[in-house]
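Structure first, commentary second.
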Amino acid sequence: MSESNKNIKRLGIMGGTFDPIHYGHLVTAEEARGRFNLDKVVFVPSGKPPHKKGYRVTEARHRYLMTILAVATNPYFEVSRVEIDRSGYSYTVDTVNQFYEHFDDVELYFITGADAILEILTWKNVEELLSKTNFIAATRPGIELTQLDEVVKKLPVPAYDVIHPLEVPAMAISSTDIRSRVAEKRSIKYLLPEAVEHYIYKNRLYVED
Ligand code: NAP
């Protein structure tokens with residue numbers, strides 16, 4: 001554990017495929033940091049997402065580098081390779097356990113999209129996960145949260161106090177839309193950091209979507 005990690009008491013883990021990362025993700029992480037008083041937010045691009053077996057996901061090295069470019073200007077943000085470097089599918093429970101090995105006495109907040117958290121009952125070792133981690137579920141404004149309530153009721157442990165919805169206006173931006181725009185030669189300006197935009201064009205990502 002590095003010296004700087006010793007003072008971390010409340011840590012956000014920003015989990016996602018980030019294909020590509022965009023301002024919706026960045027605003028979500030910054031909003032979560034402020035609202036939940038997090039000392040740092042570590043972005044963890046997924047290596048091999050277990051729920052995307054039938055989909056084409058961009059190579060991990062590209063998603064990782066785009067994430068690095070995107071967080072460069074925020075001193076509270078970092079990027080971790082834990083899921084990219086781990087072999088096999090990327091399960092959140094394994095990631096959380098790896099973070100506990102590196103940080104002493106830390107409280108973890110796993111931040112991701114509410115749509116992803118709606119599927120949490122299918123995640124590996126959900127009971128263990130809920131007992132170890134808080135969840136921040138990012139939603140777009142106006143989205144009904146009743147679905148999330150229904151999921152919470154079915155969880156094996158009482159989870160009202162560990163799953164926190166967070167409304168983020170910028171989540172109107174989506175990675176799927178950005179990939180389609182690139183494929184259709186439409187502009188993606190102002191949807192994501194300029195450095196990420198240039199990276200996408202330089203590496204000819206999403207052109208065949
Ligand atoms: P996804 O199914 O691609 O995304 C679902 C929705 O959530 C999309 O609207 C997506 O928007 C949004 N989203 C994704 N990550 C977000 C973030 N960090 N902040 C705000 N919104 C976000 O989800 P995914 O990205 O593949 O997976 C999300 C996280 O859940 C990952 O860390 C993944 O490893 C974890 N997960 C774990 C398991 C398991 O342990 N078994 C199973 C499934 C997912 P965009 O498309 O614009 O990003």
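Naming works like this for the structure tokens: A, B, ... for the chains as they're shown, residue 1 at the start of each chain, ligands 1 onward in shown order.
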All residues 7 Å or closer to Glu107 (chain A), only C-alpha atoms, same chain fewer than 6 positions away omitted, as a ChimeraX atom specification: /A:9-11
Could you save the residues just selected, with N, CA, C and O atoms, as a compact mmCIF listing (two decimals), in the first residue's frame?
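Final file, again-v1.txt:
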# COMPACT_ATOMS: atom_id res chain seq x y z
N LYS A 9 -10.21 6.84 3.69
CA LYS A 9 -11.19 6.19 4.56
C LYS A 9 -12.46 5.84 3.81
O LYS A 9 -13.14 4.88 4.12
N ARG A 10 -12.80 6.67 2.83
CA ARG A 10 -14.02 6.42 2.04
C ARG A 10 -13.62 6.46 0.57
O ARG A 10 -13.21 7.50 0.06
N LEU A 11 -13.74 5.30 -0.07
CA LEU A 11 -13.22 5.18 -1.43
C LEU A 11 -14.33 4.80 -2.41
O LEU A 11 -15.09 3.85 -2.17
query: So which residues touch region 162-177 of chain A within 7 Å, counting only C-alpha atoms, skipping near sequence neighbours fewer than 2 positions away, as a PyMOL selection string?
result: chain A and resi 19-21+23-24+27-28+134-141+159-160+179-181+191
Residues of the last selection are to be written out with N, CA and C atoms, as a PDB file, in the first residue's frame.
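Result file is part-v4.pdb:
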ATOM      1  N   ASP A  19     -16.919   2.149 -22.761  1.00  0.00           N
ATOM      2  CA  ASP A  19     -16.684   1.843 -24.180  1.00  0.00           C
ATOM      3  C   ASP A  19     -17.493   2.783 -25.064  1.00  0.00           C
ATOM      4  N   PRO A  20     -17.140   4.098 -25.114  1.00  0.00           N
ATOM      5  CA  PRO A  20     -16.061   4.773 -24.410  1.00  0.00           C
ATOM      6  C   PRO A  20     -16.564   5.494 -23.150  1.00  0.00           C
ATOM      7  N   ILE A  21     -15.590   5.980 -22.354  1.00  0.00           N
ATOM      8  CA  ILE A  21     -15.914   6.836 -21.207  1.00  0.00           C
ATOM      9  C   ILE A  21     -16.419   8.179 -21.739  1.00  0.00           C
ATOM     10  N   TYR A  23     -18.709  12.217 -20.577  1.00  0.00           N
ATOM     11  CA  TYR A  23     -18.954  13.170 -19.487  1.00  0.00           C
ATOM     12  C   TYR A  23     -20.012  12.675 -18.497  1.00  0.00           C
ATOM     13  N   GLY A  24     -20.936  11.826 -18.936  1.00  0.00           N
ATOM     14  CA  GLY A  24     -21.928  11.271 -18.007  1.00  0.00           C
ATOM     15  C   GLY A  24     -21.238  10.512 -16.881  1.00  0.00           C
ATOM     16  N   VAL A  27     -19.194  13.124 -14.638  1.00  0.00           N
ATOM     17  CA  VAL A  27     -20.062  13.916 -13.754  1.00  0.00           C
ATOM     18  C   VAL A  27     -20.618  13.020 -12.640  1.00  0.00           C
ATOM     19  N   THR A  28     -20.962  11.780 -12.974  1.00  0.00           N
ATOM     20  CA  THR A  28     -21.457  10.836 -11.962  1.00  0.00           C
ATOM     21  C   THR A  28     -20.425  10.650 -10.849  1.00  0.00           C
ATOM     22  N   ASN A 134     -21.040  -0.485  -0.233  1.00  0.00           N
ATOM     23  CA  ASN A 134     -22.194   0.369  -0.521  1.00  0.00           C
ATOM     24  C   ASN A 134     -22.277   0.502  -2.039  1.00  0.00           C
ATOM     25  N   PHE A 135     -23.488   0.703  -2.544  1.00  0.00           N
ATOM     26  CA  PHE A 135     -23.653   0.894  -3.985  1.00  0.00           C
ATOM     27  C   PHE A 135     -24.250   2.262  -4.264  1.00  0.00           C
ATOM     28  N   ILE A 136     -23.736   2.936  -5.287  1.00  0.00           N
ATOM     29  CA  ILE A 136     -24.332   4.189  -5.753  1.00  0.00           C
ATOM     30  C   ILE A 136     -24.826   3.930  -7.175  1.00  0.00           C
ATOM     31  N   ALA A 137     -26.146   4.042  -7.340  1.00  0.00           N
ATOM     32  CA  ALA A 137     -26.777   3.700  -8.622  1.00  0.00           C
ATOM     33  C   ALA A 137     -27.129   4.971  -9.369  1.00  0.00           C
ATOM     34  N   ALA A 138     -26.391   5.268 -10.437  1.00  0.00           N
ATOM     35  CA  ALA A 138     -26.598   6.517 -11.194  1.00  0.00           C
ATOM     36  C   ALA A 138     -27.786   6.378 -12.140  1.00  0.00           C
ATOM     37  N   THR A 139     -28.716   7.331 -12.031  1.00  0.00           N
ATOM     38  CA  THR A 139     -29.884   7.308 -12.921  1.00  0.00           C
ATOM     39  C   THR A 139     -30.000   8.627 -13.666  1.00  0.00           C
ATOM     40  N   ARG A 140     -30.733   8.544 -14.770  1.00  0.00           N
ATOM     41  CA  ARG A 140     -31.053   9.782 -15.487  1.00  0.00           C
ATOM     42  C   ARG A 140     -32.240  10.417 -14.780  1.00  0.00           C
ATOM     43  N   PRO A 141     -32.355  11.768 -14.830  1.00  0.00           N
ATOM     44  CA  PRO A 141     -33.496  12.413 -14.165  1.00  0.00           C
ATOM     45  C   PRO A 141     -34.807  11.920 -14.778  1.00  0.00           C
ATOM     46  N   ALA A 159     -31.134  -4.204   2.039  1.00  0.00           N
ATOM     47  CA  ALA A 159     -30.141  -3.398   1.320  1.00  0.00           C
ATOM     48  C   ALA A 159     -30.570  -1.957   1.119  1.00  0.00           C
ATOM     49  N   TYR A 160     -31.654  -1.542   1.787  1.00  0.00           N
ATOM     50  CA  TYR A 160     -32.091  -0.160   1.613  1.00  0.00           C
ATOM     51  C   TYR A 160     -30.985   0.803   2.013  1.00  0.00           C
ATOM     52  N   ARG A 179     -20.992   5.485 -29.799  1.00  0.00           N
ATOM     53  CA  ARG A 179     -20.488   4.513 -30.799  1.00  0.00           C
ATOM     54  C   ARG A 179     -21.277   4.639 -32.110  1.00  0.00           C
ATOM     55  N   SER A 180     -22.597   4.790 -32.012  1.00  0.00           N
ATOM     56  CA  SER A 180     -23.420   4.924 -33.235  1.00  0.00           C
ATOM     57  C   SER A 180     -23.070   6.205 -33.978  1.00  0.00           C
ATOM     58  N   ARG A 181     -22.861   7.279 -33.219  1.00  0.00           N
ATOM     59  CA  ARG A 181     -22.533   8.553 -33.866  1.00  0.00           C
ATOM     60  C   ARG A 181     -21.231   8.434 -34.651  1.00  0.00           C
ATOM     61  N   LEU A 191     -19.519  15.661 -25.892  1.00  0.00           N
ATOM     62  CA  LEU A 191     -20.121  14.535 -25.159  1.00  0.00           C
ATOM     63  C   LEU A 191     -19.083  13.839 -24.288  1.00  0.00           C
TER      64      LEU A 191
END
field: Residues within 8 Å of ligand 1, counting only C-alpha atoms and all ligand atoms, as an MDAnalysis selection string
entry: chainID A and resid 14:22 24:26 28:29 43:47 49:52 90:94 111:117 119:120 122:124 137:139 171 173:177
Kindly save the residues from that selection, with C-alpha atoms included, as a PDB file, in the first residue's frame.
ATOM      1  CA  MET A  14     -16.305   3.517 -10.438  1.00  0.00           C
ATOM      2  CA  GLY A  15     -17.114   0.324 -12.306  1.00  0.00           C
ATOM      3  CA  GLY A  16     -18.000   0.207 -15.970  1.00  0.00           C
ATOM      4  CA  THR A  17     -17.098  -1.038 -19.423  1.00  0.00           C
ATOM      5  CA  PHE A  18     -16.325   2.569 -20.467  1.00  0.00           C
ATOM      6  CA  ASP A  19     -16.684   1.843 -24.180  1.00  0.00           C
ATOM      7  CA  PRO A  20     -16.061   4.773 -24.410  1.00  0.00           C
ATOM      8  CA  ILE A  21     -15.914   6.836 -21.207  1.00  0.00           C
ATOM      9  CA  HIS A  22     -17.912  10.106 -21.490  1.00  0.00           C
ATOM     10  CA  GLY A  24     -21.928  11.271 -18.007  1.00  0.00           C
ATOM     11  CA  HIS A  25     -19.501   8.941 -16.236  1.00  0.00           C
ATOM     12  CA  LEU A  26     -17.220  11.796 -15.140  1.00  0.00           C
ATOM     13  CA  THR A  28     -21.457  10.836 -11.962  1.00  0.00           C
ATOM     14  CA  ALA A  29     -18.122  10.159 -10.262  1.00  0.00           C
ATOM     15  CA  PHE A  43     -12.173   4.078 -12.138  1.00  0.00           C
ATOM     16  CA  VAL A  44     -12.065   0.357 -12.879  1.00  0.00           C
ATOM     17  CA  PRO A  45     -12.626  -0.473 -16.554  1.00  0.00           C
ATOM     18  CA  SER A  46     -13.932  -4.030 -16.741  1.00  0.00           C
ATOM     19  CA  GLY A  47     -11.622  -6.594 -18.312  1.00  0.00           C
ATOM     20  CA  PRO A  49     -17.596  -8.339 -18.608  1.00  0.00           C
ATOM     21  CA  PRO A  50     -19.487 -11.539 -17.645  1.00  0.00           C
ATOM     22  CA  HIS A  51     -22.835 -10.173 -18.841  1.00  0.00           C
ATOM     23  CA  LYS A  52     -21.592  -9.234 -22.323  1.00  0.00           C
ATOM     24  CA  SER A  90     -14.541  -9.527 -14.241  1.00  0.00           C
ATOM     25  CA  TYR A  91     -16.677 -10.108 -11.172  1.00  0.00           C
ATOM     26  CA  THR A  92     -17.267  -7.134  -8.887  1.00  0.00           C
ATOM     27  CA  VAL A  93     -16.910  -9.234  -5.735  1.00  0.00           C
ATOM     28  CA  ASP A  94     -13.322 -10.150  -6.720  1.00  0.00           C
ATOM     29  CA  ILE A 111     -20.578   3.429  -8.297  1.00  0.00           C
ATOM     30  CA  THR A 112     -22.244   2.358 -11.500  1.00  0.00           C
ATOM     31  CA  GLY A 113     -25.363   2.741 -13.655  1.00  0.00           C
ATOM     32  CA  ALA A 114     -28.714   1.927 -12.051  1.00  0.00           C
ATOM     33  CA  ASP A 115     -29.530  -0.292 -15.063  1.00  0.00           C
ATOM     34  CA  ALA A 116     -26.533  -2.447 -14.211  1.00  0.00           C
ATOM     35  CA  ILE A 117     -27.535  -2.617 -10.536  1.00  0.00           C
ATOM     36  CA  GLU A 119     -29.330  -7.059 -12.485  1.00  0.00           C
ATOM     37  CA  ILE A 120     -27.457  -7.381  -9.203  1.00  0.00           C
ATOM     38  CA  THR A 122     -27.499 -12.330 -11.002  1.00  0.00           C
ATOM     39  CA  TRP A 123     -24.038 -11.140  -9.891  1.00  0.00           C
ATOM     40  CA  LYS A 124     -21.505 -13.512  -8.344  1.00  0.00           C
ATOM     41  CA  ALA A 137     -26.777   3.700  -8.622  1.00  0.00           C
ATOM     42  CA  ALA A 138     -26.598   6.517 -11.194  1.00  0.00           C
ATOM     43  CA  THR A 139     -29.884   7.308 -12.921  1.00  0.00           C
ATOM     44  CA  MET A 171     -26.231  10.556 -17.761  1.00  0.00           C
ATOM     45  CA  ILE A 173     -25.122  10.841 -22.606  1.00  0.00           C
ATOM     46  CA  SER A 174     -24.553   7.178 -23.404  1.00  0.00           C
ATOM     47  CA  SER A 175     -21.664   5.094 -24.739  1.00  0.00           C
ATOM     48  CA  THR A 176     -24.025   3.298 -27.137  1.00  0.00           C
ATOM     49  CA  ASP A 177     -25.082   6.614 -28.666  1.00  0.00           C
TER      50      ASP A 177
END
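With only C-alpha atoms as the atoms that count, the minimum distance from Asp105 (chain A) to the choices A:His62, A:Asn5, A:Glu83, A:His198 is reached by A:Asn5.
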- prompt: Where does DSSP see alpha helix (DSSP H) in region 2-204 of chain A, if you list the residues as a ChimeraX atom specification?
  reply: /A:23-35,60-71,82-85,92-102,114-117,126-132,146-154,175-183,194-202
message: Let's see if you can do this: from backbone DSSP, list all strand (DSSP E) residues in region 52-155 of chain A, as a PyMOL selection string.
response: chain A and resi 77-79+107-113+133-139
